[in-house]
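Student: Pasting data_36.tsv here (TSV, N, CA and C atoms):
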chain	number	residue	atom	x	y	z
A	1	MET	N	72.73	14.50	23.19
A	1	MET	CA	73.10	15.53	22.26
A	1	MET	C	71.96	16.52	22.11
A	2	GLN	N	72.26	17.81	22.16
A	2	GLN	CA	71.26	18.86	22.05
A	2	GLN	C	70.91	19.12	20.59
A	3	PRO	N	69.62	19.31	20.27
A	3	PRO	CA	69.28	19.71	18.89
A	3	PRO	C	69.75	21.14	18.64
A	4	PRO	N	70.00	21.48	17.37
A	4	PRO	CA	70.47	22.84	17.08
A	4	PRO	C	69.38	23.87	17.38
A	5	ALA	N	69.81	25.08	17.65
A	5	ALA	CA	68.85	26.17	17.90
A	5	ALA	C	68.01	26.40	16.63
A	6	PRO	N	66.79	26.93	16.77
A	6	PRO	CA	65.91	27.10	15.61
A	6	PRO	C	66.47	27.95	14.49
A	7	GLU	N	67.40	28.83	14.78
A	7	GLU	CA	67.93	29.72	13.74
A	7	GLU	C	69.23	29.21	13.11
A	8	VAL	N	69.73	28.07	13.56
A	8	VAL	CA	70.98	27.53	13.02
A	8	VAL	C	70.67	26.79	11.72
A	9	ALA	N	71.33	27.19	10.65
A	9	ALA	CA	71.10	26.60	9.33
A	9	ALA	C	71.89	25.31	9.20
A	10	VAL	N	71.19	24.16	9.23
A	10	VAL	CA	71.86	22.87	9.18
A	10	VAL	C	71.33	21.94	8.09
A	11	TYR	N	70.13	22.17	7.57
A	11	TYR	CA	69.51	21.25	6.62
A	11	TYR	C	69.88	21.60	5.18
A	12	VAL	N	70.31	20.59	4.42
A	12	VAL	CA	70.55	20.79	2.99
A	12	VAL	C	69.20	20.90	2.30
A	13	ILE	N	69.20	21.34	1.04
A	13	ILE	CA	67.95	21.64	0.34
A	13	ILE	C	67.05	20.41	0.20
A	14	SER	N	67.62	19.24	-0.01
A	14	SER	CA	66.79	18.04	-0.16
A	14	SER	C	66.06	17.70	1.14
A	15	VAL	N	66.74	17.83	2.25
A	15	VAL	CA	66.11	17.57	3.55
A	15	VAL	C	65.06	18.64	3.85
A	16	ALA	N	65.39	19.90	3.57
A	16	ALA	CA	64.43	20.99	3.79
A	16	ALA	C	63.19	20.79	2.93
A	17	ALA	N	63.37	20.34	1.69
A	17	ALA	CA	62.23	20.10	0.82
A	17	ALA	C	61.36	18.98	1.37
A	18	GLU	N	61.99	17.93	1.84
A	18	GLU	CA	61.22	16.81	2.40
A	18	GLU	C	60.49	17.22	3.68
A	19	LEU	N	61.17	17.95	4.55
A	19	LEU	CA	60.54	18.37	5.81
A	19	LEU	C	59.40	19.36	5.59
A	20	SER	N	59.51	20.19	4.56
A	20	SER	CA	58.47	21.19	4.31
A	20	SER	C	57.38	20.67	3.38
A	21	GLY	N	57.64	19.55	2.72
A	21	GLY	CA	56.64	19.01	1.80
A	21	GLY	C	56.64	19.70	0.44
A	22	LEU	N	57.71	20.39	0.12
A	22	LEU	CA	57.82	21.12	-1.14
A	22	LEU	C	58.93	20.52	-2.00
A	23	HIS	N	58.89	20.82	-3.27
A	23	HIS	CA	59.93	20.38	-4.20
A	23	HIS	C	61.14	21.31	-4.06
A	24	PRO	N	62.37	20.80	-4.23
A	24	PRO	CA	63.55	21.67	-4.13
A	24	PRO	C	63.49	22.87	-5.09
A	25	GLN	N	62.91	22.67	-6.29
A	25	GLN	CA	62.78	23.80	-7.22
A	25	GLN	C	61.88	24.89	-6.64
A	26	THR	N	60.87	24.48	-5.90
A	26	THR	CA	59.97	25.46	-5.26
A	26	THR	C	60.74	26.26	-4.22
A	27	LEU	N	61.61	25.59	-3.47
A	27	LEU	CA	62.43	26.30	-2.49
A	27	LEU	C	63.33	27.31	-3.17
A	28	ARG	N	63.92	26.92	-4.30
A	28	ARG	CA	64.77	27.85	-5.05
A	28	ARG	C	63.96	29.04	-5.58
A	29	ALA	N	62.74	28.75	-6.05
A	29	ALA	CA	61.87	29.82	-6.56
A	29	ALA	C	61.50	30.78	-5.44
A	30	TYR	N	61.17	30.24	-4.27
A	30	TYR	CA	60.82	31.11	-3.14
A	30	TYR	C	62.01	31.97	-2.74
A	31	GLU	N	63.21	31.42	-2.86
A	31	GLU	CA	64.40	32.20	-2.56
A	31	GLU	C	64.56	33.34	-3.57
A	32	ARG	N	64.36	33.04	-4.86
A	32	ARG	CA	64.46	34.09	-5.89
A	32	ARG	C	63.42	35.20	-5.66
A	33	MET	N	62.24	34.81	-5.17
A	33	MET	CA	61.18	35.79	-4.91
A	33	MET	C	61.41	36.57	-3.62
A	34	GLY	N	62.38	36.14	-2.83
A	34	GLY	CA	62.68	36.84	-1.59
A	34	GLY	C	61.82	36.42	-0.42
A	35	LEU	N	61.10	35.29	-0.55
A	35	LEU	CA	60.25	34.82	0.54
A	35	LEU	C	61.05	34.09	1.61
A	36	ILE	N	62.19	33.56	1.25
A	36	ILE	CA	63.04	32.83	2.18
A	36	ILE	C	64.49	33.14	1.85
A	37	THR	N	65.32	33.19	2.86
A	37	THR	CA	66.74	33.44	2.64
A	37	THR	C	67.54	32.40	3.43
A	38	PRO	N	67.88	31.27	2.79
A	38	PRO	CA	68.64	30.25	3.52
A	38	PRO	C	70.08	30.71	3.74
A	39	GLY	N	70.71	30.07	4.71
A	39	GLY	CA	72.12	30.33	4.93
A	39	GLY	C	72.93	29.70	3.80
A	40	ARG	N	74.18	30.05	3.73
A	40	ARG	CA	75.07	29.52	2.69
A	40	ARG	C	76.33	28.95	3.33
A	41	THR	N	76.82	27.88	2.72
A	41	THR	CA	78.10	27.32	3.15
A	41	THR	C	79.21	28.09	2.46
A	42	GLY	N	80.44	27.78	2.81
A	42	GLY	CA	81.58	28.42	2.16
A	42	GLY	C	81.61	28.15	0.66
A	43	GLY	N	81.11	27.00	0.25
A	43	GLY	CA	81.08	26.65	-1.16
A	43	GLY	C	79.83	27.14	-1.88
A	44	GLY	N	78.92	27.80	-1.17
A	44	GLY	CA	77.72	28.35	-1.78
A	44	GLY	C	76.47	27.48	-1.67
A	45	GLY	N	76.58	26.32	-1.00
A	45	GLY	CA	75.42	25.45	-0.84
A	45	GLY	C	74.42	26.04	0.13
A	46	ARG	N	73.15	25.80	-0.13
A	46	ARG	CA	72.09	26.31	0.74
A	46	ARG	C	71.99	25.46	2.01
A	47	ARG	N	71.73	26.14	3.12
A	47	ARG	CA	71.47	25.47	4.38
A	47	ARG	C	70.26	26.14	5.02
A	48	TYR	N	69.31	25.32	5.43
A	48	TYR	CA	68.06	25.81	5.99
A	48	TYR	C	68.00	25.52	7.49
A	49	SER	N	67.40	26.42	8.23
A	49	SER	CA	67.23	26.23	9.67
A	49	SER	C	65.83	25.70	9.94
A	50	HIS	N	65.60	25.32	11.18
A	50	HIS	CA	64.26	24.87	11.57
A	50	HIS	C	63.26	26.01	11.38
A	51	ARG	N	63.68	27.22	11.68
A	51	ARG	CA	62.81	28.39	11.48
A	51	ARG	C	62.48	28.56	9.99
A	52	ASP	N	63.45	28.31	9.10
A	52	ASP	CA	63.20	28.37	7.66
A	52	ASP	C	62.17	27.32	7.24
A	53	ILE	N	62.29	26.12	7.80
A	53	ILE	CA	61.35	25.04	7.48
A	53	ILE	C	59.94	25.44	7.90
A	54	GLU	N	59.81	26.02	9.09
A	54	GLU	CA	58.50	26.47	9.55
A	54	GLU	C	57.94	27.56	8.64
A	55	ARG	N	58.79	28.45	8.19
A	55	ARG	CA	58.36	29.50	7.28
A	55	ARG	C	57.91	28.90	5.94
A	56	LEU	N	58.65	27.92	5.45
A	56	LEU	CA	58.26	27.25	4.20
A	56	LEU	C	56.91	26.56	4.35
A	57	ARG	N	56.68	25.95	5.49
A	57	ARG	CA	55.37	25.31	5.73
A	57	ARG	C	54.26	26.35	5.75
A	58	SER	N	54.52	27.51	6.34
A	58	SER	CA	53.52	28.58	6.35
A	58	SER	C	53.24	29.08	4.93
A	59	ILE	N	54.29	29.25	4.15
A	59	ILE	CA	54.12	29.70	2.76
A	59	ILE	C	53.30	28.68	1.98
A	60	ALA	N	53.62	27.38	2.17
A	60	ALA	CA	52.89	26.33	1.46
A	60	ALA	C	51.41	26.33	1.86
A	61	ALA	N	51.14	26.51	3.14
A	61	ALA	CA	49.74	26.54	3.60
A	61	ALA	C	48.99	27.73	3.01
A	62	LEU	N	49.65	28.87	2.97
A	62	LEU	CA	48.99	30.07	2.43
A	62	LEU	C	48.75	29.94	0.93
A	63	THR	N	49.74	29.46	0.19
A	63	THR	CA	49.55	29.34	-1.26
A	63	THR	C	48.52	28.27	-1.60
A	64	SER	N	48.47	27.19	-0.82
A	64	SER	CA	47.46	26.16	-1.08
A	64	SER	C	46.06	26.66	-0.73
A	65	ALA	N	45.98	27.67	0.14
A	65	ALA	CA	44.68	28.27	0.48
A	65	ALA	C	44.27	29.33	-0.53
A	66	GLY	N	45.12	29.58	-1.55
A	66	GLY	CA	44.76	30.50	-2.61
A	66	GLY	C	45.36	31.89	-2.49
A	67	VAL	N	46.24	32.10	-1.53
A	67	VAL	CA	46.88	33.40	-1.37
A	67	VAL	C	48.02	33.50	-2.38
A	68	GLY	N	48.08	34.61	-3.11
A	68	GLY	CA	49.14	34.83	-4.09
A	68	GLY	C	50.47	35.13	-3.43
A	69	VAL	N	51.51	35.13	-4.25
A	69	VAL	CA	52.87	35.34	-3.74
A	69	VAL	C	53.00	36.70	-3.07
A	70	GLU	N	52.44	37.74	-3.67
A	70	GLU	CA	52.52	39.08	-3.05
A	70	GLU	C	51.74	39.13	-1.75
A	71	GLY	N	50.62	38.43	-1.69
A	71	GLY	CA	49.86	38.34	-0.44
A	71	GLY	C	50.66	37.62	0.64
A	72	VAL	N	51.33	36.54	0.24
A	72	VAL	CA	52.18	35.80	1.18
A	72	VAL	C	53.29	36.71	1.69
A	73	ARG	N	53.91	37.45	0.78
A	73	ARG	CA	54.98	38.35	1.17
A	73	ARG	C	54.48	39.38	2.19
A	74	ARG	N	53.31	39.94	1.92
A	74	ARG	CA	52.74	40.95	2.83
A	74	ARG	C	52.40	40.35	4.19
A	75	LEU	N	51.83	39.15	4.18
A	75	LEU	CA	51.49	38.49	5.44
A	75	LEU	C	52.75	38.17	6.26
A	76	LEU	N	53.80	37.72	5.59
A	76	LEU	CA	55.05	37.44	6.29
A	76	LEU	C	55.67	38.71	6.86
A	77	ASP	N	55.59	39.80	6.09
A	77	ASP	CA	56.07	41.08	6.60
A	77	ASP	C	55.30	41.51	7.84
A	78	LEU	N	53.99	41.34	7.80
A	78	LEU	CA	53.16	41.70	8.95
A	78	LEU	C	53.48	40.82	10.16
A	79	GLU	N	53.71	39.53	9.92
A	79	GLU	CA	54.09	38.65	11.02
A	79	GLU	C	55.41	39.09	11.64
A	80	ASN	N	56.36	39.49	10.79
A	80	ASN	CA	57.64	39.98	11.30
A	80	ASN	C	57.46	41.25	12.13
A	81	GLN	N	56.59	42.15	11.67
A	81	GLN	CA	56.32	43.38	12.42
A	81	GLN	C	55.68	43.06	13.75
A	82	ILE	N	54.74	42.12	13.76
A	82	ILE	CA	54.08	41.73	15.01
A	82	ILE	C	55.10	41.16	15.98
A	83	GLU	N	55.98	40.30	15.49
A	83	GLU	CA	57.00	39.71	16.34
A	83	GLU	C	57.93	40.78	16.92
A	84	ALA	N	58.33	41.74	16.09
A	84	ALA	CA	59.20	42.81	16.56
A	84	ALA	C	58.48	43.66	17.61
A	85	LEU	N	57.22	43.95	17.39
A	85	LEU	CA	56.45	44.73	18.36
A	85	LEU	C	56.26	43.97	19.67
A	86	GLN	N	56.06	42.66	19.59
A	86	GLN	CA	55.93	41.86	20.80
A	86	GLN	C	57.22	41.88	21.61
A	87	HIS	N	58.35	41.78	20.91
A	87	HIS	CA	59.64	41.85	21.62
A	87	HIS	C	59.84	43.22	22.26
A	88	ARG	N	59.51	44.27	21.53
A	88	ARG	CA	59.66	45.63	22.07
A	88	ARG	C	58.73	45.83	23.26
A	89	ASN	N	57.51	45.31	23.15
A	89	ASN	CA	56.56	45.43	24.25
A	89	ASN	C	57.09	44.72	25.49
A	90	ALA	N	57.68	43.54	25.31
A	90	ALA	CA	58.25	42.82	26.44
A	90	ALA	C	59.39	43.61	27.08
A	91	GLU	N	60.22	44.26	26.26
A	91	GLU	CA	61.29	45.10	26.78
A	91	GLU	C	60.73	46.25	27.60
A	92	LEU	N	59.69	46.90	27.08
A	92	LEU	CA	59.10	48.04	27.78
A	92	LEU	C	58.43	47.62	29.08
A	93	VAL	N	57.78	46.46	29.07
A	93	VAL	CA	57.15	45.96	30.30
A	93	VAL	C	58.23	45.68	31.35
A	94	ALA	N	59.34	45.08	30.93
A	94	ALA	CA	60.43	44.82	31.87
A	94	ALA	C	61.01	46.12	32.41
A	95	GLU	N	61.16	47.12	31.55
A	95	GLU	CA	61.68	48.41	31.98
A	95	GLU	C	60.72	49.08	32.96
A	96	LEU	N	59.43	48.99	32.68
A	96	LEU	CA	58.42	49.57	33.57
A	96	LEU	C	58.45	48.89	34.93
A	97	GLU	N	58.55	47.57	34.93
A	97	GLU	CA	58.61	46.84	36.20
A	97	GLU	C	59.86	47.22	36.99
A	98	ALA	N	60.99	47.37	36.31
A	98	ALA	CA	62.22	47.77	37.00
A	98	ALA	C	62.07	49.17	37.58
A	99	THR	N	61.43	50.07	36.85
A	99	THR	CA	61.22	51.43	37.34
A	99	THR	C	60.28	51.42	38.55
A	100	ARG	N	59.23	50.62	38.47
A	100	ARG	CA	58.30	50.52	39.61
A	100	ARG	C	59.00	49.97	40.84
A	101	GLU	N	59.84	48.97	40.64
A	101	GLU	CA	60.56	48.39	41.77
A	101	GLU	C	61.54	49.40	42.36
A	102	ALA	N	62.20	50.17	41.52
A	102	ALA	CA	63.11	51.20	42.01
A	102	ALA	C	62.35	52.25	42.80
A	103	LEU	N	61.17	52.60	42.34
A	103	LEU	CA	60.34	53.57	43.07
A	103	LEU	C	59.90	53.00	44.41
A	104	ARG	N	59.51	51.71	44.42
A	104	ARG	CA	59.12	51.08	45.69
A	104	ARG	C	60.28	51.09	46.68
A	105	MET	N	61.48	50.77	46.18
A	105	MET	CA	62.65	50.76	47.05
A	105	MET	C	62.95	52.17	47.56
A	106	SER	N	62.79	53.15	46.71
A	106	SER	CA	63.03	54.53	47.09
A	106	SER	C	62.05	54.97	48.17
A	107	LEU	N	60.80	54.58	48.04
A	107	LEU	CA	59.80	54.96	49.03
A	107	LEU	C	60.01	54.24	50.35
A	108	ARG	N	60.59	53.06	50.32
A	108	ARG	CA	60.88	52.33	51.56
A	108	ARG	C	62.02	52.97	52.34
A	109	THR	N	62.98	53.54	51.64
A	109	THR	CA	64.16	54.08	52.32
A	109	THR	C	63.93	55.47	52.89
A	110	ARG	N	63.00	56.24	52.32
A	110	ARG	CA	62.72	57.55	52.91
A	110	ARG	C	61.21	57.78	52.89
A	111	PRO	N	60.72	58.43	53.93
A	111	PRO	CA	59.27	58.64	54.02
A	111	PRO	C	58.80	59.63	52.95
A	112	PRO	N	57.58	59.45	52.47
A	112	PRO	CA	57.05	60.38	51.46
A	112	PRO	C	56.85	61.77	52.05
A	113	ALA	N	57.13	62.78	51.26
A	113	ALA	CA	56.96	64.18	51.69
A	113	ALA	C	55.60	64.68	51.21
A	114	ASP	N	55.28	65.92	51.63
A	114	ASP	CA	54.02	66.51	51.20
A	114	ASP	C	54.04	66.86	49.72
A	115	ARG	N	55.22	67.14	49.22
A	115	ARG	CA	55.33	67.55	47.82
A	115	ARG	C	56.29	66.64	47.10
A	116	LEU	N	56.17	66.65	45.79
A	116	LEU	CA	57.10	65.90	44.99
A	116	LEU	C	58.45	66.61	45.00
A	117	PRO	N	59.53	65.89	45.02
A	117	PRO	CA	60.84	66.55	45.02
A	117	PRO	C	61.12	67.19	43.67
A	118	VAL	N	61.80	68.31	43.73
A	118	VAL	CA	62.22	68.98	42.52
A	118	VAL	C	63.52	68.34	42.09
A	119	LEU	N	63.60	67.96	40.85
A	119	LEU	CA	64.80	67.28	40.38
A	119	LEU	C	66.00	68.20	40.35
A	120	ARG	N	65.76	69.45	39.94
A	120	ARG	CA	66.87	70.40	39.84
A	120	ARG	C	66.28	71.79	40.09
A	121	PRO	N	66.85	72.52	41.03
A	121	PRO	CA	66.33	73.87	41.25
A	121	PRO	C	66.63	74.74	40.02
A	122	PRO	N	65.75	75.68	39.73
A	122	PRO	CA	66.00	76.54	38.57
A	122	PRO	C	67.24	77.39	38.77
A	123	ASP	N	67.98	77.59	37.71
A	123	ASP	CA	69.19	78.40	37.73
A	123	ASP	C	68.81	79.82	37.30
A	124	PRO	N	68.93	80.82	38.20
A	124	PRO	CA	68.49	82.17	37.84
A	124	PRO	C	69.31	82.76	36.69
A	125	GLY	N	70.49	82.25	36.43
A	125	GLY	CA	71.30	82.77	35.34
A	125	GLY	C	70.84	82.27	33.98
A	126	GLN	N	69.91	81.34	33.97
A	126	GLN	CA	69.44	80.80	32.71
A	126	GLN	C	67.95	81.01	32.52
A	127	SER	N	67.42	82.06	33.08
A	127	SER	CA	65.99	82.32	32.98
A	127	SER	C	65.63	82.84	31.60
A	128	VAL	N	64.42	82.55	31.19
A	128	VAL	CA	63.91	83.03	29.92
A	128	VAL	C	62.72	83.94	30.23
A	129	VAL	N	62.74	85.12	29.63
A	129	VAL	CA	61.65	86.07	29.82
A	129	VAL	C	60.85	86.12	28.53
A	130	VAL	N	59.53	85.94	28.66
A	130	VAL	CA	58.66	86.02	27.49
A	130	VAL	C	58.02	87.40	27.53
A	131	TRP	N	58.20	88.14	26.46
A	131	TRP	CA	57.66	89.48	26.39
A	131	TRP	C	56.71	89.53	25.23
A	132	ARG	N	55.56	90.15	25.47
A	132	ARG	CA	54.56	90.27	24.45
A	132	ARG	C	54.20	91.73	24.30
A	133	ARG	N	54.24	92.24	23.07
A	133	ARG	CA	53.91	93.63	22.81
A	133	ARG	C	52.41	93.83	23.03
A	134	GLY	N	52.07	94.90	23.66
A	134	GLY	CA	50.65	95.21	23.88
A	134	GLY	C	49.95	95.58	22.60
A	135	PHE	N	48.69	95.27	22.49
A	135	PHE	CA	47.93	95.57	21.27
A	135	PHE	C	47.21	96.87	21.39
Represent the structure contained in this file as structure tokens.
Tutor:
Amino acid sequence: MQPPAPEVAVYVISVAAELSGLHPQTLRAYERMGLITPGRTGGGGRRYSHRDIERLRSIAALTSAGVGVEGVRRLLDLENQIEALQHRNAELVAELEATREALRMSLRTRPPADRLPVLRPPDPGQSVVVWRRGF
């Protein structure tokens, strides 16, 4: 049997509290503060994912080190921004590699010329004339 994906909310609050080392009331308080957002069942019961448990452990470590709730919130926001930037960077690297590979394939199929190819010849019907009054 495969374990659930890290983002799948499967743990009830008592199990999440035990796994994170926190009291269930602390989990509810963190939810009210907006530090964690557990999933909900149809009946309104909280369900926590493995990712939520890891986040709760991080919050507990930060607060036990003396970081206040607002500091924890800011640090979590920064971690989220870093993660988003890392994903975007990976996308851009993949796009760059695909572009480089397309260029390599293009150069293999036709020999390089002395000049770079013009993508589109200028249309004389759409010329712009810049005129400057003499001083």
Student: Using DSSP on the backbone, list every residue of chain A that comes out as helix (DSSP H, G or I), and give them as a PyMOL selection string.
Tutor: chain A and resi 13-20+24-33+50-64+69-109+124-126
Student: What does the structure give for the distance between CA of Val93 (chain A) and CA of Leu75 (chain A), in Å to one decimal?
Tutor: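 It comes out at 26.6 Å.
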Student: Go through A:Leu56, A:Met1, A:Leu78, A:Ala90 one by one, measure the shortest atom-to-atom distance of each to Leu19 (chain A) using all atoms listed in the file, and give the residue with the smallest value.
Tutor: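 That would be A:Leu56, the residue with the smallest distance to Leu19 (chain A).
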Student: How many Å lie between atom C of Arg100 (chain A) and CA of Leu85 (chain A), rounded to one decimal?
Tutor: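 Going from atom C of Arg100 (chain A) over to CA of Leu85 (chain A) covers 23.2 Å.
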Student: What is the distance between CA of Pro24 (chain A) and atom C of Gln81 (chain A), in Å to one decimal?
Tutor: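 Between these atoms lies a distance of 29.0 Å.
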Student: Using only C-alpha atoms, which residues sit within 12 Å of Pro6 (chain A) once same-chain residues fewer than 4 positions away are excluded, as an NGL selection string?
Tutor: :A and (2 or 10-11 or 48-55)
Student: In terms of the shortest atom-to-atom distance over only N, CA and C atoms, which of A:Met33, A:Leu76, A:Leu22, A:Ala9 is closest to Arg57 (chain A)?
Tutor: A:Leu22
Student: Given the choices A:Leu107, A:Ile13, A:Arg40, A:Ala94, which gets closest to Leu27 (chain A) if the distance is worked out from only C-alpha atoms?
Tutor: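 For Leu27 (chain A), the nearest of the given residues is A:Ile13.
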Student: Within chain A, find each residue whose DSSP state, derived from the backbone, is strand (DSSP E or B), and express the selection as a count of residues only.
Tutor: 6
Student: With all atoms listed in the file as the basis for distance, which of A:Leu62, A:Val8, A:Thr109, A:Glu101 is at the shortest distance from Arg47 (chain A)?
Tutor: A:Val8
